[in-house]
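Colleague: File model_26.txt below, compact mmCIF, C-alpha atoms and all ligand atoms:
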```txt
# COMPACT_ATOMS: atom_id res chain seq x y z
CA LYS A 1 131.41 238.50 11.29
CA LYS A 2 129.59 241.65 10.37
CA GLY A 3 125.84 241.56 10.89
CA THR A 4 123.21 244.04 9.77
CA SER A 5 123.35 247.71 10.82
CA ASN A 6 125.56 248.30 13.83
CA ILE A 7 125.39 244.84 15.35
CA LEU A 8 128.34 242.49 15.26
CA VAL A 9 127.86 238.76 15.63
CA CYS A 10 130.19 237.39 18.24
CA LEU A 11 131.02 233.67 18.24
CA LYS A 12 131.92 233.85 21.93
CA CYS A 13 128.50 234.97 23.07
CA SER A 14 125.03 234.91 21.66
CA TRP A 15 124.75 237.55 18.96
CA GLN A 16 123.11 240.23 21.07
CA ASP A 17 125.83 240.02 23.69
CA PHE A 18 128.25 242.04 21.65
CA MET A 19 127.48 245.26 19.83
CA LEU A 20 128.98 248.40 18.47
CA THR A 21 127.39 251.58 19.78
CA CYS A 22 128.11 255.25 19.28
CA LEU A 23 128.94 257.54 22.14
CA GLN A 24 125.77 259.51 22.85
CA VAL A 25 126.28 263.23 23.28
CA ALA A 26 123.83 265.58 24.98
CA VAL A 27 124.15 269.30 25.72
CA ARG A 28 122.51 271.01 28.69
CA LEU A 29 122.10 274.77 28.86
CA ARG A 30 121.69 276.34 32.31
CA PRO A 31 119.60 279.46 33.00
CA LEU A 32 121.23 282.88 33.26
CA TRP A 33 121.80 283.69 36.96
CA ASN A 34 120.30 286.81 38.54
CA LYS A 35 123.74 288.11 39.33
CA GLU A 36 124.64 287.77 35.63
CA ILE A 37 121.51 289.70 34.63
CA GLU A 38 122.44 292.39 37.18
CA LYS A 39 125.81 292.67 35.42
CA ASP A 40 124.03 293.21 32.07
CA GLU A 41 125.17 289.89 30.72
CA PHE A 42 122.95 288.49 27.97
CA GLU A 43 122.10 285.15 26.35
CA ILE A 44 124.05 283.96 23.32
CA VAL A 45 122.74 280.38 23.08
CA ARG A 46 119.46 279.00 21.75
CA ILE A 47 118.19 275.42 21.66
CA LEU A 48 115.99 274.18 18.81
CA ASP A 49 113.94 270.98 18.59
CA GLN A 50 115.72 269.49 21.62
CA LYS A 51 118.64 268.65 19.32
CA VAL A 52 120.23 271.75 17.86
CA VAL A 53 122.40 274.27 19.71
CA ILE A 54 122.86 277.72 18.18
CA LEU A 55 125.72 279.88 19.37
CA MET A 56 126.22 283.56 18.52
CA ASP A 57 129.38 285.58 18.90
CA PRO A 58 128.45 288.28 21.49
CA ALA A 59 130.16 290.92 19.34
CA ASP A 60 127.78 290.08 16.49
CA ILE A 61 124.77 290.31 18.80
CA LEU A 62 125.89 293.72 20.02
CA ASN A 63 126.35 294.86 16.42
CA GLU A 64 122.82 293.70 15.67
CA GLN A 65 121.43 295.67 18.64
CA ASN A 66 121.12 292.61 20.86
CA VAL A 67 118.69 290.67 18.70
CA LEU A 68 119.51 287.00 18.85
CA GLY A 69 118.98 285.22 15.57
CA LYS A 70 118.75 288.35 13.39
CA ASN A 71 121.79 287.47 11.31
CA ARG A 72 121.60 283.72 10.70
CA SER A 73 124.79 283.56 8.65
CA LYS A 74 126.88 284.37 11.69
CA GLU A 75 125.33 281.70 13.91
CA LYS A 76 127.23 278.53 14.72
CA GLN A 77 125.02 275.45 14.66
CA TYR A 78 125.64 272.07 16.24
CA ALA A 79 123.35 269.04 16.34
CA PHE A 80 123.44 266.48 19.16
CA ASP A 81 121.51 263.41 20.30
CA PHE A 82 119.81 265.70 22.81
CA ALA A 83 119.99 269.39 23.64
CA PHE A 84 118.34 270.39 26.91
CA ASP A 85 117.07 273.92 27.25
CA LYS A 86 117.49 275.99 30.42
CA ASP A 87 114.12 274.88 31.82
CA ALA A 88 114.77 271.12 31.49
CA ILE A 89 114.20 269.43 34.85
CA GLN A 90 116.47 266.84 36.47
CA THR A 91 114.16 263.87 35.82
CA GLU A 92 113.91 264.75 32.13
CA VAL A 93 117.69 264.90 31.75
CA PHE A 94 117.99 261.56 33.56
CA SER A 95 115.22 259.94 31.47
CA LYS A 96 116.76 260.90 28.15
CA THR A 97 120.46 260.36 28.89
CA THR A 98 120.80 257.65 31.51
CA ARG A 99 117.62 255.65 32.11
CA PHE A 100 118.19 253.51 29.00
CA LEU A 101 121.53 252.35 30.41
CA CYS A 102 120.05 250.88 33.60
CA ASP A 103 118.65 247.65 32.12
CA GLY A 104 122.02 246.95 30.50
CA VAL A 105 123.90 247.52 33.74
CA LEU A 106 121.56 245.14 35.58
CA ASN A 107 122.32 242.56 32.88
CA GLY A 108 126.08 242.76 33.08
CA TYR A 109 127.02 245.57 30.70
CA ASN A 110 129.23 248.55 31.54
CA ALA A 111 128.12 252.14 31.04
CA THR A 112 129.51 255.59 31.74
CA VAL A 113 127.94 259.03 31.89
CA PHE A 114 130.20 262.03 32.20
CA ALA A 115 129.51 265.73 32.58
CA TYR A 116 131.94 268.00 30.76
CA GLY A 117 132.10 271.79 30.74
CA ALA A 118 133.58 274.94 32.22
CA THR A 119 133.28 275.83 35.90
CA GLY A 120 129.79 277.12 36.69
CA ALA A 121 128.24 275.51 33.59
CA GLY A 122 126.16 273.04 35.64
CA LYS A 123 128.13 269.77 35.80
CA THR A 124 127.66 269.14 39.54
CA TYR A 125 124.02 270.25 39.33
CA THR A 126 123.49 267.69 36.55
CA MET A 127 125.32 264.78 38.16
CA LEU A 128 124.78 265.29 41.90
CA GLY A 129 122.12 268.03 42.04
CA THR A 130 120.69 269.27 45.33
CA GLU A 131 118.69 267.59 48.09
CA ASP A 132 115.46 269.05 46.61
CA LYS A 133 116.44 268.42 43.01
CA PRO A 134 118.69 265.37 43.00
CA GLY A 135 120.64 264.77 39.81
CA ILE A 136 121.59 261.76 37.70
CA MET A 137 123.52 259.93 40.43
CA PHE A 138 120.49 259.65 42.72
CA GLN A 139 117.95 259.13 39.92
CA THR A 140 120.03 256.26 38.57
CA LEU A 141 120.20 254.47 41.91
CA LYS A 142 116.46 254.99 42.36
CA GLU A 143 115.79 253.48 38.93
CA LEU A 144 118.10 250.52 39.58
CA PHE A 145 116.32 249.73 42.86
CA THR A 146 112.89 250.00 41.26
CA LYS A 147 113.93 247.60 38.52
CA ILE A 148 115.54 245.17 40.95
CA LYS A 149 112.24 244.88 42.84
CA ASP A 150 110.74 243.41 39.66
CA TYR A 151 113.70 241.15 38.95
CA GLN A 152 114.35 239.97 42.53
CA ILE A 153 111.91 237.09 42.15
CA ASP A 154 114.36 234.91 40.25
CA ARG A 155 117.70 236.65 40.64
CA ASN A 156 119.92 237.68 43.53
CA TYR A 157 121.23 241.22 43.27
CA ASN A 158 123.98 242.99 45.09
CA ILE A 159 124.57 246.71 44.50
CA ARG A 160 127.73 248.42 45.71
CA VAL A 161 128.99 251.94 45.23
CA SER A 162 132.33 253.68 45.44
CA PHE A 163 133.04 257.38 45.11
CA LEU A 164 136.48 258.73 44.26
CA GLU A 165 138.16 261.88 43.08
CA ILE A 166 141.13 262.51 40.84
CA TYR A 167 142.91 265.62 42.04
CA ASN A 168 146.40 266.58 40.85
CA GLU A 169 146.64 263.18 39.13
CA GLN A 170 146.09 261.46 42.48
CA ILE A 171 143.14 259.22 43.29
CA ARG A 172 141.44 259.48 46.69
CA ASP A 173 138.43 257.81 48.26
CA LEU A 174 135.58 260.27 48.87
CA ILE A 175 133.61 257.96 51.18
CA MET A 176 136.31 256.48 53.44
CA VAL A 177 138.19 259.74 53.69
CA SER A 178 141.93 259.51 54.31
CA SER A 179 145.00 261.06 52.80
CA GLU A 180 145.92 257.75 51.20
CA VAL A 181 146.54 257.92 47.46
CA LEU A 182 145.10 254.95 45.53
CA ASP A 183 146.51 253.17 42.50
CA LEU A 184 144.96 251.97 39.26
CA ARG A 185 145.27 248.31 38.26
CA GLU A 186 144.14 246.53 35.14
CA ASP A 187 142.26 243.30 35.77
CA PRO A 188 141.83 241.02 32.74
CA VAL A 189 138.21 240.19 33.68
CA LYS A 190 137.00 243.25 35.56
CA GLY A 191 138.86 245.88 33.53
CA VAL A 192 140.45 248.94 35.13
CA GLN A 193 140.16 248.86 38.94
CA VAL A 194 141.18 251.21 41.75
CA ALA A 195 143.10 249.13 44.31
CA GLY A 196 141.98 249.66 47.90
CA LEU A 197 138.89 251.72 47.05
CA SER A 198 136.03 251.17 49.50
CA GLU A 199 132.80 249.68 48.18
CA ILE A 200 129.62 250.34 50.15
CA GLU A 201 126.74 247.92 49.89
CA VAL A 202 123.49 249.80 49.30
CA ASP A 203 119.95 248.80 50.24
CA THR A 204 118.05 252.01 49.44
CA PRO A 205 118.82 254.96 47.13
CA GLU A 206 118.02 257.49 49.89
CA GLU A 207 120.86 256.31 52.11
CA ILE A 208 123.28 256.95 49.28
CA LEU A 209 122.18 260.54 48.59
CA ASP A 210 123.50 261.70 51.99
CA LEU A 211 126.70 259.77 51.38
CA LEU A 212 127.17 261.46 48.00
CA ILE A 213 126.54 264.94 49.36
CA PHE A 214 129.02 264.16 52.17
CA GLY A 215 131.53 262.78 49.63
CA ASN A 216 131.12 265.82 47.38
CA ARG A 217 131.98 268.09 50.32
CA ASN A 218 135.22 266.16 50.67
CA ARG A 219 136.25 267.12 47.16
CA GLN A 220 139.10 269.53 46.79
CA VAL A 221 137.27 272.81 46.31
CA GLU A 222 139.18 276.06 46.47
CA ALA A 223 138.56 279.63 45.47
CA THR A 224 139.74 280.56 42.00
CA GLY A 225 139.23 283.68 39.93
CA ALA A 226 136.50 282.08 37.82
CA ASN A 227 134.19 280.81 40.57
CA GLU A 228 134.51 280.82 44.35
CA THR A 229 133.70 277.16 44.75
CA SER A 230 135.30 275.95 41.57
CA SER A 231 135.81 272.25 41.72
CA ARG A 232 139.36 271.40 40.76
CA SER A 233 138.87 267.65 40.88
CA HIS A 234 137.14 264.97 38.84
CA ALA A 235 134.58 263.01 40.91
CA VAL A 236 133.66 259.47 39.90
CA LEU A 237 130.75 257.47 41.31
CA GLN A 238 130.92 253.80 40.40
CA ILE A 239 127.84 251.63 40.84
CA ILE A 240 128.54 247.91 40.65
CA CYS A 241 125.57 245.61 40.02
CA GLU A 242 126.26 241.94 40.53
CA HIS A 243 123.67 239.22 40.11
CA LYS A 244 123.11 235.54 39.65
CA ASP A 245 120.11 233.26 39.27
CA ARG A 246 118.49 232.56 42.62
CA ASP A 247 118.09 228.83 42.04
CA ALA A 248 121.40 228.17 40.30
CA GLY A 249 124.06 226.41 42.33
CA ILE A 250 127.72 227.20 42.79
CA GLU A 251 128.31 226.97 39.04
CA ALA A 252 125.97 229.89 38.36
CA GLU A 253 127.24 232.59 36.06
CA ILE A 254 127.69 235.88 37.85
CA ARG A 255 127.07 238.98 35.78
CA ILE A 256 128.70 242.23 36.77
CA GLY A 257 127.65 245.56 35.31
CA LYS A 258 129.54 248.71 36.21
CA LEU A 259 128.03 252.16 35.83
CA SER A 260 130.41 255.10 36.22
CA LEU A 261 128.91 258.56 36.73
CA ILE A 262 131.52 261.28 36.41
CA ASP A 263 131.53 264.96 37.35
CA LEU A 264 134.62 266.33 35.63
CA ALA A 265 136.66 269.32 36.79
CA GLY A 266 136.15 272.62 34.96
CA SER A 267 137.39 272.59 31.37
CA GLU A 268 138.25 276.31 31.22
CA ARG A 269 141.82 277.24 30.49
CA ALA A 270 144.09 277.96 33.46
CA SER A 271 144.91 281.44 32.14
CA LYS A 272 141.38 282.73 32.66
CA THR A 273 141.37 282.02 36.38
CA ASN A 274 144.53 284.04 37.09
CA ASN A 275 146.05 281.08 38.81
CA ARG A 276 149.30 281.38 40.69
CA GLY A 277 151.58 278.94 42.49
CA ILE A 278 149.82 275.81 43.65
CA ARG A 279 146.77 276.67 41.57
CA MET A 280 149.03 276.67 38.53
CA ILE A 281 150.32 273.17 39.34
CA GLU A 282 146.77 271.98 39.84
CA GLY A 283 145.73 273.69 36.64
CA ALA A 284 148.50 271.91 34.79
CA ASN A 285 147.42 268.55 36.16
CA ILE A 286 143.73 269.13 35.59
CA ASN A 287 144.59 270.20 32.10
CA ARG A 288 146.75 267.12 31.76
CA SER A 289 143.76 264.85 32.46
CA LEU A 290 141.32 266.87 30.37
CA LEU A 291 143.92 267.39 27.66
CA ALA A 292 144.53 263.65 27.58
CA LEU A 293 140.75 263.10 27.41
CA GLY A 294 140.60 265.56 24.50
CA ASN A 295 143.48 263.82 22.74
CA CYS A 296 141.85 260.42 23.14
CA ILE A 297 138.53 261.77 21.84
CA ASN A 298 140.33 263.31 18.85
CA MET A 299 142.20 260.10 18.03
CA LEU A 300 139.09 257.94 18.44
CA HIS A 301 137.22 260.37 16.22
CA GLU A 302 140.00 260.16 13.56
CA ASN A 303 140.06 256.37 13.72
CA ASN A 304 136.28 256.14 13.39
CA SER A 305 135.85 258.69 10.65
CA LYS A 306 138.88 257.67 8.56
CA ASN A 307 138.81 253.98 9.42
CA GLN A 308 142.33 254.16 10.86
CA GLN A 309 143.97 252.24 13.69
CA ASN A 310 145.97 254.97 15.43
CA TYR A 311 147.31 254.38 18.93
CA ILE A 312 145.03 255.96 21.54
CA PRO A 313 146.99 257.60 24.39
CA PHE A 314 144.84 256.34 27.27
CA ARG A 315 147.89 255.95 29.50
CA ASP A 316 148.66 259.68 29.47
CA SER A 317 146.55 260.49 32.54
CA LYS A 318 144.68 258.89 35.44
CA LEU A 319 141.35 260.04 34.06
CA THR A 320 141.87 258.47 30.63
CA ARG A 321 143.21 255.24 32.16
CA LEU A 322 140.05 255.07 34.26
CA LEU A 323 137.85 255.92 31.27
CA LYS A 324 139.67 253.59 28.86
CA ASP A 325 136.86 251.03 28.93
CA SER A 326 134.23 253.72 28.54
CA LEU A 327 135.69 255.44 25.53
CA GLY A 328 137.38 252.79 23.47
CA GLY A 329 136.36 249.56 25.07
CA ASN A 330 133.59 247.63 26.64
CA CYS A 331 131.06 250.30 27.53
CA ARG A 332 128.07 252.35 26.51
CA THR A 333 128.98 255.97 27.06
CA VAL A 334 127.02 259.19 27.34
CA MET A 335 128.61 262.62 27.47
CA ILE A 336 126.64 265.57 28.82
CA ALA A 337 128.25 268.85 27.83
CA ASN A 338 127.12 271.62 30.18
CA ILE A 339 127.08 275.19 28.91
CA SER A 340 126.30 278.65 30.25
CA PRO A 341 124.05 280.98 28.20
CA SER A 342 126.06 284.11 29.08
CA ASN A 343 128.02 286.27 26.65
CA ALA A 344 130.81 286.34 29.26
CA CYS A 345 131.33 282.59 28.72
CA TYR A 346 131.44 282.65 24.91
CA GLU A 347 134.96 281.16 24.56
CA ASP A 348 134.28 278.34 27.02
CA THR A 349 130.91 277.54 25.48
CA HIS A 350 132.40 277.51 21.99
CA ASN A 351 135.20 275.18 23.13
CA THR A 352 132.78 272.85 24.91
CA LEU A 353 130.53 272.60 21.84
CA LYS A 354 133.50 271.86 19.55
CA TYR A 355 134.72 269.20 21.97
CA ALA A 356 131.27 267.61 22.27
CA ASN A 357 130.84 267.69 18.51
CA ARG A 358 134.01 265.65 18.03
CA ALA A 359 132.90 263.07 20.59
CA LYS A 360 129.75 262.26 18.59
CA ASN A 361 131.32 259.75 16.21
CA ILE A 362 133.19 257.64 18.71
CA LYS A 363 132.15 254.02 18.68
CA THR A 364 132.55 251.53 21.51
CA ASN A 365 132.30 247.76 21.60
CA VAL A 366 129.94 246.60 24.29
CA GLN A 367 130.10 243.14 25.72
CA ARG A 368 128.38 241.50 28.65
CA ASN A 369 130.66 240.80 31.64
CA VAL A 370 130.27 237.21 32.75
CA LEU A 371 132.52 235.81 35.44
CA ASN A 372 132.06 232.10 34.86
CA VAL A 373 134.45 230.65 32.25
CA GLU A 374 132.28 227.54 31.99
CA TYR A 375 129.62 229.67 30.36
CA HIS A 376 131.84 230.66 27.47
CA VAL A 377 133.40 227.20 27.13
CA SER A 378 129.96 225.63 26.85
CA LYS A 379 128.96 228.19 24.19
CA TYR A 380 132.14 227.41 22.24
CA THR A 381 131.51 223.66 22.51
CA GLN A 382 127.97 224.17 21.24
CA ILE A 383 129.13 226.28 18.27
CA ILE A 384 131.96 223.83 17.41
CA GLY A 385 129.44 220.99 17.49
CA GLN A 386 127.13 222.87 15.11
CA LEU A 387 130.03 223.64 12.75
CA LYS A 388 131.14 219.99 12.78
CA ASN A 389 127.58 218.94 11.89
CA GLU A 390 127.51 221.45 9.04
CA ILE A 391 130.83 220.14 7.67
CA SER A 392 129.70 216.53 7.85
CA ASP A 393 126.50 217.49 6.01
CA LEU A 394 128.53 218.89 3.08
P1 LIG A 401 129.87 273.26 37.78
O1 LIG A 401 129.81 272.00 38.59
O2 LIG A 401 129.87 272.98 36.30
O3 LIG A 401 130.99 274.14 38.17
P2 LIG A 401 127.40 273.86 39.11
O4 LIG A 401 126.67 272.60 38.82
O5 LIG A 401 127.98 273.98 40.48
O6 LIG A 401 128.53 274.11 38.03
O7 LIG A 401 126.41 275.06 38.77
C1 LIG A 401 126.68 276.40 39.16
C2 LIG A 401 125.42 277.02 39.72
O8 LIG A 401 124.39 277.09 38.73
C3 LIG A 401 124.84 276.27 40.89
O9 LIG A 401 124.38 277.20 41.84
C4 LIG A 401 123.69 275.49 40.30
O10 LIG A 401 122.69 275.25 41.25
C5 LIG A 401 123.22 276.40 39.15
N1 LIG A 401 122.72 275.60 38.03
C6 LIG A 401 123.47 274.89 37.18
N2 LIG A 401 122.72 274.29 36.24
C7 LIG A 401 121.46 274.62 36.50
C8 LIG A 401 120.19 274.30 35.89
N3 LIG A 401 120.12 273.51 34.81
N4 LIG A 401 119.07 274.83 36.44
C9 LIG A 401 119.15 275.62 37.53
N5 LIG A 401 120.30 275.94 38.16
C10 LIG A 401 121.45 275.46 37.66
MG MG A 402 131.14 271.35 40.05
```
Go through the file and emit its structure as C-alpha cells.
Ligand code: ADP
Ligand code: MG
Modeller:
Amino acid sequence: KKGTSNILVCLKCSWQDFMLTCLQVAVRLRPLWNKEIEKDEFEIVRILDQKVVILMDPADILNEQNVLGKNRSKEKQYAFDFAFDKDAIQTEVFSKTTRFLCDGVLNGYNATVFAYGATGAGKTYTMLGTEDKPGIMFQTLKELFTKIKDYQIDRNYNIRVSFLEIYNEQIRDLIMVSSEVLDLREDPVKGVQVAGLSEIEVDTPEEILDLLIFGNRNRQVEATGANETSSRSHAVLQIICEHKDRDAGIEAEIRIGKLSLIDLAGSERASKTNNRGIRMIEGANINRSLLALGNCINMLHENNSKNQQNYIPFRDSKLTRLLKDSLGGNCRTVMIANISPSNACYEDTHNTLKYANRAKNIKTNVQRNVLNVEYHVSKYTQIIGQLKNEISDL
C-alpha cells in the first residue's frame, strides 16, 4: 500500500518499519598538496553552498589566464546532498553523512557508507583517517557507544566488528590475518554473510582504532605509477549491533543492525598507472568489481528514473554481491565521492562526479531486522483480527 511521500505501509511490520529512501551522495574535496603546488598544479574545483560542485576543464582555465570562474558557460555543475570543501574537518563530514544512520543501526536497520574516488583523492583519510584526526570508522563507533550508554538502562547491547578486504576478487580477514580466502553466503534472515570471518566484541571505541590501523596496514598496498602507496583493495568494516530488552525472557525479539563502512580501491583506469604483469591482473579485477558497481548503479538509476524492472547484475563481482543489500535492498546507503582539486586529476575528478551524479536517484527499501518469527506472526494475527472485525462490521 502506498502511503504519503516516500513512506510505504508494510502489513508485516508497523508502518514506520519499512520505508523507501534515496541513496545519499556527498562529495569531499581535499586540499592541494604542497608537492602539487611545487609542480605548478592548480585548482580546478570549487564548492558552493555546501551542495554544488563546479568543475573546470584545465585547458579552459589556462586559456582564461588561470582565472577560475571567469567563463561560466564552460563550467560543469553538479549538485549533491552535501559537498564538503577542502577545509571540512573529520567530525563535520561524520556529522553530516553518517551520524544520522547510528540511531537506525541501534534499532535494527542496516546502513552502508562507502568512499569512492581515484587513488590519492582522500578515501582512506575520510573513512579511517589518522590517529590525530580519526575518520568516519572511529567517529561512528564513538557515537554508537555514546548512544548505548543512554539506552543501556532497558536494553542489552552487543557490538561486534569485522574488517575484511577484497583483493583480486578474493576476500581476506584483516583482523585475524591469514592467507585463507573467505566465501560469501546468502542467509535468508541475515542477508549476505562472509563465512568464517572473525567478529571481535568491542567494549570501547579506542580499542578498535588501533585494530583498524593495524588492519589497514595488512591491506594489499603496492607501488603503482599513480601513487606510491596506492591501495589496490577494497576494505570493509562491518559493525554489528545486536540488542534485546533487558527484562524480556527467552522469547525476546533480537534486533540486529549492520553498518558497513567501505574504503574502496582507487577508481582510476588501469592505463594511467602504467601497470604491467601482476598489476595488470589486479587492475582487471579491481576494475571488475568497480565496473560491476558502476553497472549496478547505472541499472538501478535506469530502473528508478524510468520505472523499469531491469535485472541488476549484483552477482558479477564480490564487491557487488557484498553490497547487494546496500544498493538495491534492505539498507540506508551513503556514498562519499572523494575528489582532488588538481588540474592533473581532471579526468578522474570528472569521472567520479559523473558516477556520483548517477548514484543520486537510487532508492532502497529499508526494513528493520528482527530475528524472532513470533514477533511477525503476532503482528499478522493482530492485523487479520482487525480485518475480520472490519468485514463483520460491513
Ligand atoms: P586514497 O585513500 O583515496 O588513495 P588518501 O586518503 O590516502 O587517498 O589521501 C592521500 C593523502 O592526502 C593522504 O596523505 C591524506 O592524509 C591527504 N588527504 C586526503 N584528504 C584530505 C583532507 N580532506 N584534508 C587533509 N588531507 C587530506
Ligand atoms: Mg586509500
Colleague: Would you compute the distance between atom C1 of ligand LIG 401 (chain A) and atom CA of A:Gln170? Give it in Å to one decimal.
Modeller: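 Spanning atom C1 of ligand LIG 401 (chain A) to atom CA of A:Gln170 is a straight-line distance of 24.7 Å.
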Colleague: Report the centre and edge lengths, in Å to one decimal, of an axis-aligned box enclosing every atom of ligand LIG 401 (chain A) listed in the file, padded by 4 Å on each side, as JSON.
Modeller:
```
{"center_x": 125.0, "center_y": 274.6, "center_z": 38.3, "size_x": 19.9, "size_y": 13.2, "size_z": 15.0}
```
Colleague: Residues contacting ligand LIG 401 (chain A) - anything with an atom at most 7 Å away, using all atoms listed in the file - can you give me those as an MDAnalysis selection string?
Modeller: chainID A and resid 29:31 86:88 117:126 230:231 266 338
Colleague: Between A:Arg232, A:Lys74, A:Lys142, A:Arg185, single out the one closest to ligand MG 402 (chain A), counting all atoms listed in the file.
Modeller: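 Of all the options, A:Arg232 lies closest to ligand MG 402 (chain A).
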Colleague: Leaving out A:Gly196 and any residue of its chain fewer than 6 positions from it, which residues lie within 12 Å of it when counting only C-alpha atoms, given as a PyMOL selection string?
Modeller: chain A and resi 162+164+171-173+176+178+180-185
Colleague: Compile the contact shell of stretch 306-322 of chain A as a PDB file with C-alpha atoms, in the coordinates of the input: residues with an atom at most 12 Å away, counting only C-alpha atoms, same-chain residues fewer than 5 positions apart removed.
Modeller:
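Dumped to selection_6.pdb:
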```pdb
ATOM      1  CA  THR A 112     129.510 255.590  31.740  1.00  0.00           C
ATOM      2  CA  PHE A 114     130.200 262.030  32.200  1.00  0.00           C
ATOM      3  CA  LEU A 164     136.480 258.730  44.260  1.00  0.00           C
ATOM      4  CA  GLU A 165     138.160 261.880  43.080  1.00  0.00           C
ATOM      5  CA  ILE A 166     141.130 262.510  40.840  1.00  0.00           C
ATOM      6  CA  TYR A 167     142.910 265.620  42.040  1.00  0.00           C
ATOM      7  CA  ASN A 168     146.400 266.580  40.850  1.00  0.00           C
ATOM      8  CA  GLU A 169     146.640 263.180  39.130  1.00  0.00           C
ATOM      9  CA  GLN A 170     146.090 261.460  42.480  1.00  0.00           C
ATOM     10  CA  ILE A 171     143.140 259.220  43.290  1.00  0.00           C
ATOM     11  CA  ARG A 172     141.440 259.480  46.690  1.00  0.00           C
ATOM     12  CA  LEU A 182     145.100 254.950  45.530  1.00  0.00           C
ATOM     13  CA  ASP A 183     146.510 253.170  42.500  1.00  0.00           C
ATOM     14  CA  LEU A 184     144.960 251.970  39.260  1.00  0.00           C
ATOM     15  CA  ARG A 185     145.270 248.310  38.260  1.00  0.00           C
ATOM     16  CA  GLU A 186     144.140 246.530  35.140  1.00  0.00           C
ATOM     17  CA  GLY A 191     138.860 245.880  33.530  1.00  0.00           C
ATOM     18  CA  VAL A 192     140.450 248.940  35.130  1.00  0.00           C
ATOM     19  CA  GLN A 193     140.160 248.860  38.940  1.00  0.00           C
ATOM     20  CA  VAL A 194     141.180 251.210  41.750  1.00  0.00           C
ATOM     21  CA  SER A 233     138.870 267.650  40.880  1.00  0.00           C
ATOM     22  CA  HIS A 234     137.140 264.970  38.840  1.00  0.00           C
ATOM     23  CA  ALA A 235     134.580 263.010  40.910  1.00  0.00           C
ATOM     24  CA  VAL A 236     133.660 259.470  39.900  1.00  0.00           C
ATOM     25  CA  LEU A 237     130.750 257.470  41.310  1.00  0.00           C
ATOM     26  CA  GLN A 238     130.920 253.800  40.400  1.00  0.00           C
ATOM     27  CA  SER A 260     130.410 255.100  36.220  1.00  0.00           C
ATOM     28  CA  LEU A 261     128.910 258.560  36.730  1.00  0.00           C
ATOM     29  CA  ILE A 262     131.520 261.280  36.410  1.00  0.00           C
ATOM     30  CA  ASP A 263     131.530 264.960  37.350  1.00  0.00           C
ATOM     31  CA  LEU A 264     134.620 266.330  35.630  1.00  0.00           C
ATOM     32  CA  ALA A 265     136.660 269.320  36.790  1.00  0.00           C
ATOM     33  CA  ALA A 284     148.500 271.910  34.790  1.00  0.00           C
ATOM     34  CA  ASN A 285     147.420 268.550  36.160  1.00  0.00           C
ATOM     35  CA  ILE A 286     143.730 269.130  35.590  1.00  0.00           C
ATOM     36  CA  ASN A 287     144.590 270.200  32.100  1.00  0.00           C
ATOM     37  CA  ARG A 288     146.750 267.120  31.760  1.00  0.00           C
ATOM     38  CA  SER A 289     143.760 264.850  32.460  1.00  0.00           C
ATOM     39  CA  LEU A 290     141.320 266.870  30.370  1.00  0.00           C
ATOM     40  CA  LEU A 291     143.920 267.390  27.660  1.00  0.00           C
ATOM     41  CA  ALA A 292     144.530 263.650  27.580  1.00  0.00           C
ATOM     42  CA  LEU A 293     140.750 263.100  27.410  1.00  0.00           C
ATOM     43  CA  GLY A 294     140.600 265.560  24.500  1.00  0.00           C
ATOM     44  CA  ASN A 295     143.480 263.820  22.740  1.00  0.00           C
ATOM     45  CA  CYS A 296     141.850 260.420  23.140  1.00  0.00           C
ATOM     46  CA  ILE A 297     138.530 261.770  21.840  1.00  0.00           C
ATOM     47  CA  ASN A 298     140.330 263.310  18.850  1.00  0.00           C
ATOM     48  CA  MET A 299     142.200 260.100  18.030  1.00  0.00           C
ATOM     49  CA  LEU A 300     139.090 257.940  18.440  1.00  0.00           C
ATOM     50  CA  HIS A 301     137.220 260.370  16.220  1.00  0.00           C
ATOM     51  CA  LEU A 327     135.690 255.440  25.530  1.00  0.00           C
ATOM     52  CA  GLY A 328     137.380 252.790  23.470  1.00  0.00           C
ATOM     53  CA  GLY A 329     136.360 249.560  25.070  1.00  0.00           C
ATOM     54  CA  ASN A 361     131.320 259.750  16.210  1.00  0.00           C
ATOM     55  CA  ILE A 362     133.190 257.640  18.710  1.00  0.00           C
ATOM     56  CA  LYS A 363     132.150 254.020  18.680  1.00  0.00           C
TER      57      LYS A 363
END
```
Colleague: Please measure the separation of atom CA of A:Lys149 and atom CA of A:Glu207, giving the value in Å to one decimal.
Modeller: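 Pair atom CA of A:Lys149 / atom CA of A:Glu207 returns 17.1 Å.
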Colleague: Could you check which of A:Ser198, A:Ser305, A:Val177, A:Tyr346 is closest to A:Asn216, using all atoms listed in the file?
Modeller: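 Selected residue with least distance to A:Asn216: A:Val177.
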Colleague: Which residue out of A:Met127, A:Asp203, A:Glu75, A:Phe163 has the minimum interatomic distance to ligand MG 402 (chain A) when all atoms listed in the file are used?
Modeller: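 For ligand MG 402 (chain A), the nearest of the given residues is A:Met127.
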Colleague: One decimal, in Å: what's the spacing between atom CA of A:Pro341 and atom CA of A:Glu43?
Modeller: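 Rounded to one decimal, the two atoms are 5.0 Å apart.
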Colleague: For stretch 301-306 of chain A, where the input has fewer atoms than it should, I would like N, CA and C atoms rebuilt and written as a CSV table (one decimal), keeping the file's coordinate frame.
Modeller:
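Heads up, here's the output in rebuild-v8.csv:
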```csv
chain,number,residue,atom,x,y,z
A,301,HIS,N,138.0,259.7,17.3
A,301,HIS,CA,137.2,260.4,16.2
A,301,HIS,C,137.9,260.2,14.9
A,302,GLU,N,139.2,260.4,14.8
A,302,GLU,CA,140.0,260.2,13.6
A,302,GLU,C,139.9,258.7,13.1
A,303,ASN,N,140.1,257.8,14.1
A,303,ASN,CA,140.1,256.4,13.7
A,303,ASN,C,138.7,256.0,13.2
A,304,ASN,N,137.6,256.5,13.8
A,304,ASN,CA,136.3,256.1,13.4
A,304,ASN,C,135.9,256.7,12.1
A,305,SER,N,136.3,258.0,11.9
A,305,SER,CA,135.8,258.7,10.6
A,305,SER,C,136.7,258.3,9.5
A,306,LYS,N,138.0,258.0,9.7
A,306,LYS,CA,138.9,257.7,8.6
A,306,LYS,C,139.2,256.2,8.5
```
